[in-house]
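Below is one structure, written out as structure tokens; comments come after it.
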Amino acid sequence: MNIPSTISTLLIGIVLTLLSLWYGQNHGLMPIAASDEANQVDDLFDTMMIIATGLFLIVQGTLIFCAFYFRKRKGDNTDGPGLHGNVPLEILWTAIPAAIVVWISIYSFEIYNTLGGVDPMTAGDMHAMHSPKSHRGAAIAAPLETMPSDSRQIALGVGASPLNQGKSAELEVNVTGLQYAWIFNYPDSGITTGELHLPVGQEIQVNLSANDVIHAFWVPQLRLKQDAIPGRTAQLRFTLNRVGEYPLRCAELCGSYHGSMITKLIAHTPEDYQNWVQSQQIASQPNNSKALALNPTNLSDSQFLAPYAQEMGIDTQLVSEMHHSHH
Ligand SMILES: [Cu+2]
């Protein structure tokens with residue numbers, strides 16, 4: 001067997017590294033990164049792509065090379081050489097991947113920490129796990145109401161980054177998931193909407209809860225996904241850095257119309273956001289002369305709901321199907 005010369009090994013290594021580095025940063029697999037946090041997640045993903053591309057090329061390259069180089073030649077009916085094991089090589093190809101895996105896990109934990117995933121609020125979970133020790137077994141099946149109130153103050157999700165620790169977010173929104181919609185409530189202004197309007201450049205805290213079953217809040221452009229669990233509140237903190245409209249979908253199969261549980265996150269400039277808040281407040285005033293006066297008794301359910309459905313981005317077809325399924 002011809003061992004490749006040092007020079008050609010070095011050249012192959014350089015080409016592999018360059019290809020991996022290039023593809024790892026130009027894979028185009030991720031949607032737009034719309035938050036500061038998303039860029040950090042992408043850095044981690046790109047690093048893993050670089051390593052994965054390198055490994056893929058090495059493994060596939062070796063395979064293809066061997067298939068051609070060691071192919072059966074014409075008229076050659078002899079047995080292959082009796083090879084059996086190679087301890088140094090096996091140690092090498094175990095040690096290198098092990099080191100890579102350990103390094104990636106440390107790196108990803110570091111990213112999770114800078115995002116605020118290791119927020120002390122999350123430690124509430126640990127507390128809840130330890131507290132029932134005194135009455136062992138009893139608390140396991142106990143309903144949430146009978147549990148001590150402090151252990152219900154559990155923050156799931158991603159909290160404040162270490163830089164913003166102890167500071168409250170600039171804007172808070174309460175998000176409720178229910179079959180099959182998201183409802184957004186802004187405690188500061190009292191606005192309730194079906195689409196999430198937020199300003200860029202401000203730290204936002206989303207308080208996630210669910211009314212019926214488990215849902216999941218997912219905005220791919222934020223690289224954030226968090227379950228909304230009935231009886232518990234999860235939090236997510238992030239800062240948008242790009243104006244635009246992003247899909248906000250439920251990522252937990254929650255029932256027959258789960259697929260239609262999708263709305264929009266609209267990222268405004270701070271000025272546009274203020275205008276939106278004002279327009280919402282005007283619209284919700286009780287003595288608004290422009291308020292729509294409809295007599296719902298003259299309309300069928302689907303006729304009455306149609307304009308609202310359109311506004312919420314729900315297909316009218318779906319509304320009429322839902323209507324029929326009740327009869
Ligand atoms: Cu859902």
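Every chain in the structure tokens takes a letter, A first, then B, and so on in the order presented; its residues are numbered from 1, and the ligands are numbered from 1 following the presented order.
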Inset, instruction - Give the residue list for ligand 1 at 12 Å, counting only C-alpha atoms and all ligand atoms, as an MDAnalysis selection string, sorted by chain and then by residue number. - result: chainID A and resid 176:182 209:218 226:229 248:263
Inset, instruction - Please provide the set of residues having any atom within 10 Å of segment 20-35 of chain A, restricted to only C-alpha atoms, with same-chain residues fewer than 3 positions apart removed, written as a ChimeraX atom specification. - result: /A:14-17,38-43,45-57,200-201,219-224,238-246,267
Legend entry - Spatial neighbours of Gly117 of chain A, max dist 12 Å, only C-alpha atoms, sep filter under 4 positions, as a PyMOL selection string: chain A and resi 37+108-113+121-123+155-162+165+224+226+234-238
Residue selection dump (N, CA and C atoms) as a PDB file, in the first residue's frame:
```pdb
ATOM      1  N   GLU A  37     -29.708  37.672  19.551  1.00  0.00           N
ATOM      2  CA  GLU A  37     -29.479  36.313  20.031  1.00  0.00           C
ATOM      3  C   GLU A  37     -29.334  35.338  18.867  1.00  0.00           C
ATOM      4  N   SER A 108     -21.590  25.322  23.216  1.00  0.00           N
ATOM      5  CA  SER A 108     -23.036  25.546  23.129  1.00  0.00           C
ATOM      6  C   SER A 108     -23.596  25.961  24.487  1.00  0.00           C
ATOM      7  N   PHE A 109     -23.032  25.422  25.553  1.00  0.00           N
ATOM      8  CA  PHE A 109     -23.472  25.838  26.884  1.00  0.00           C
ATOM      9  C   PHE A 109     -23.147  27.313  27.109  1.00  0.00           C
ATOM     10  N   GLU A 110     -21.985  27.719  26.616  1.00  0.00           N
ATOM     11  CA  GLU A 110     -21.553  29.108  26.736  1.00  0.00           C
ATOM     12  C   GLU A 110     -22.545  30.035  26.012  1.00  0.00           C
ATOM     13  N   ILE A 111     -22.956  29.633  24.794  1.00  0.00           N
ATOM     14  CA  ILE A 111     -23.923  30.425  24.027  1.00  0.00           C
ATOM     15  C   ILE A 111     -25.256  30.483  24.787  1.00  0.00           C
ATOM     16  N   TYR A 112     -25.692  29.342  25.280  1.00  0.00           N
ATOM     17  CA  TYR A 112     -26.955  29.264  26.021  1.00  0.00           C
ATOM     18  C   TYR A 112     -26.906  30.202  27.230  1.00  0.00           C
ATOM     19  N   ASN A 113     -25.760  30.264  27.857  1.00  0.00           N
ATOM     20  CA  ASN A 113     -25.586  31.132  29.020  1.00  0.00           C
ATOM     21  C   ASN A 113     -25.640  32.608  28.621  1.00  0.00           C
ATOM     22  N   MET A 121     -33.680  32.691  37.579  1.00  0.00           N
ATOM     23  CA  MET A 121     -35.112  32.412  37.678  1.00  0.00           C
ATOM     24  C   MET A 121     -35.384  30.938  37.392  1.00  0.00           C
ATOM     25  N   THR A 122     -34.586  30.385  36.481  1.00  0.00           N
ATOM     26  CA  THR A 122     -34.768  28.999  36.101  1.00  0.00           C
ATOM     27  C   THR A 122     -34.456  28.083  37.274  1.00  0.00           C
ATOM     28  N   ALA A 123     -33.631  28.579  38.210  1.00  0.00           N
ATOM     29  CA  ALA A 123     -33.278  27.772  39.370  1.00  0.00           C
ATOM     30  C   ALA A 123     -34.516  27.444  40.189  1.00  0.00           C
ATOM     31  N   ALA A 155     -39.612  29.839  36.074  1.00  0.00           N
ATOM     32  CA  ALA A 155     -39.409  30.408  34.752  1.00  0.00           C
ATOM     33  C   ALA A 155     -38.778  29.363  33.860  1.00  0.00           C
ATOM     34  N   LEU A 156     -39.521  28.954  32.865  1.00  0.00           N
ATOM     35  CA  LEU A 156     -38.960  28.097  31.834  1.00  0.00           C
ATOM     36  C   LEU A 156     -38.461  29.029  30.756  1.00  0.00           C
ATOM     37  N   GLY A 157     -37.615  28.527  29.922  1.00  0.00           N
ATOM     38  CA  GLY A 157     -37.242  29.307  28.753  1.00  0.00           C
ATOM     39  C   GLY A 157     -35.927  30.035  28.904  1.00  0.00           C
ATOM     40  N   VAL A 158     -35.872  31.197  28.262  1.00  0.00           N
ATOM     41  CA  VAL A 158     -34.643  31.962  28.190  1.00  0.00           C
ATOM     42  C   VAL A 158     -34.880  33.305  28.875  1.00  0.00           C
ATOM     43  N   GLY A 159     -34.123  33.558  29.932  1.00  0.00           N
ATOM     44  CA  GLY A 159     -34.325  34.783  30.703  1.00  0.00           C
ATOM     45  C   GLY A 159     -33.366  35.881  30.288  1.00  0.00           C
ATOM     46  N   ALA A 160     -33.041  36.735  31.252  1.00  0.00           N
ATOM     47  CA  ALA A 160     -32.158  37.862  30.972  1.00  0.00           C
ATOM     48  C   ALA A 160     -30.742  37.363  30.737  1.00  0.00           C
ATOM     49  N   SER A 161     -30.041  37.988  29.813  1.00  0.00           N
ATOM     50  CA  SER A 161     -28.642  37.628  29.600  1.00  0.00           C
ATOM     51  C   SER A 161     -27.849  38.117  30.800  1.00  0.00           C
ATOM     52  N   PRO A 162     -26.674  37.510  31.072  1.00  0.00           N
ATOM     53  CA  PRO A 162     -25.906  37.924  32.259  1.00  0.00           C
ATOM     54  C   PRO A 162     -25.693  39.437  32.323  1.00  0.00           C
ATOM     55  N   GLN A 165     -28.889  41.011  33.820  1.00  0.00           N
ATOM     56  CA  GLN A 165     -29.368  40.339  35.019  1.00  0.00           C
ATOM     57  C   GLN A 165     -29.896  41.343  36.043  1.00  0.00           C
ATOM     58  N   LEU A 224     -35.736  30.933  18.412  1.00  0.00           N
ATOM     59  CA  LEU A 224     -36.290  30.644  19.731  1.00  0.00           C
ATOM     60  C   LEU A 224     -37.511  29.754  19.589  1.00  0.00           C
ATOM     61  N   GLN A 226     -40.189  27.717  22.422  1.00  0.00           N
ATOM     62  CA  GLN A 226     -40.444  27.421  23.830  1.00  0.00           C
ATOM     63  C   GLN A 226     -41.859  26.874  24.009  1.00  0.00           C
ATOM     64  N   ALA A 234     -43.767  30.405  31.078  1.00  0.00           N
ATOM     65  CA  ALA A 234     -42.407  30.373  30.542  1.00  0.00           C
ATOM     66  C   ALA A 234     -42.057  31.780  30.094  1.00  0.00           C
ATOM     67  N   GLN A 235     -40.794  32.108  30.155  1.00  0.00           N
ATOM     68  CA  GLN A 235     -40.399  33.437  29.676  1.00  0.00           C
ATOM     69  C   GLN A 235     -39.370  33.318  28.568  1.00  0.00           C
ATOM     70  N   LEU A 236     -39.398  34.310  27.700  1.00  0.00           N
ATOM     71  CA  LEU A 236     -38.392  34.413  26.646  1.00  0.00           C
ATOM     72  C   LEU A 236     -37.978  35.870  26.583  1.00  0.00           C
ATOM     73  N   ARG A 237     -36.678  36.095  26.546  1.00  0.00           N
ATOM     74  CA  ARG A 237     -36.201  37.468  26.404  1.00  0.00           C
ATOM     75  C   ARG A 237     -35.364  37.570  25.148  1.00  0.00           C
ATOM     76  N   PHE A 238     -35.605  38.608  24.392  1.00  0.00           N
ATOM     77  CA  PHE A 238     -34.823  38.788  23.170  1.00  0.00           C
ATOM     78  C   PHE A 238     -34.869  40.248  22.739  1.00  0.00           C
TER      79      PHE A 238
END
```
Inset, instruction - To one decimal in Å, tell me the separation between atom CA of Pro97 of chain A and atom CA of Gly82 of chain A. - result: 27.7 Å
Inset, instruction - Once DSSP has gone over the backbone, tell me which residues of segment 35-249 of chain A are in strand (DSSP E), as JSON, numbers by chain. - result: {"A": [155, 156, 157, 158, 171, 172, 173, 174, 175, 176, 177, 178, 181, 182, 183, 184, 185, 186, 191, 192, 193, 196, 197, 198, 199, 203, 204, 205, 206, 207, 208, 209, 210, 215, 216, 217, 218, 219, 224, 225, 226, 227, 228, 233, 234, 235, 236, 237, 238, 239, 244, 245, 246, 247, 248, 249]}
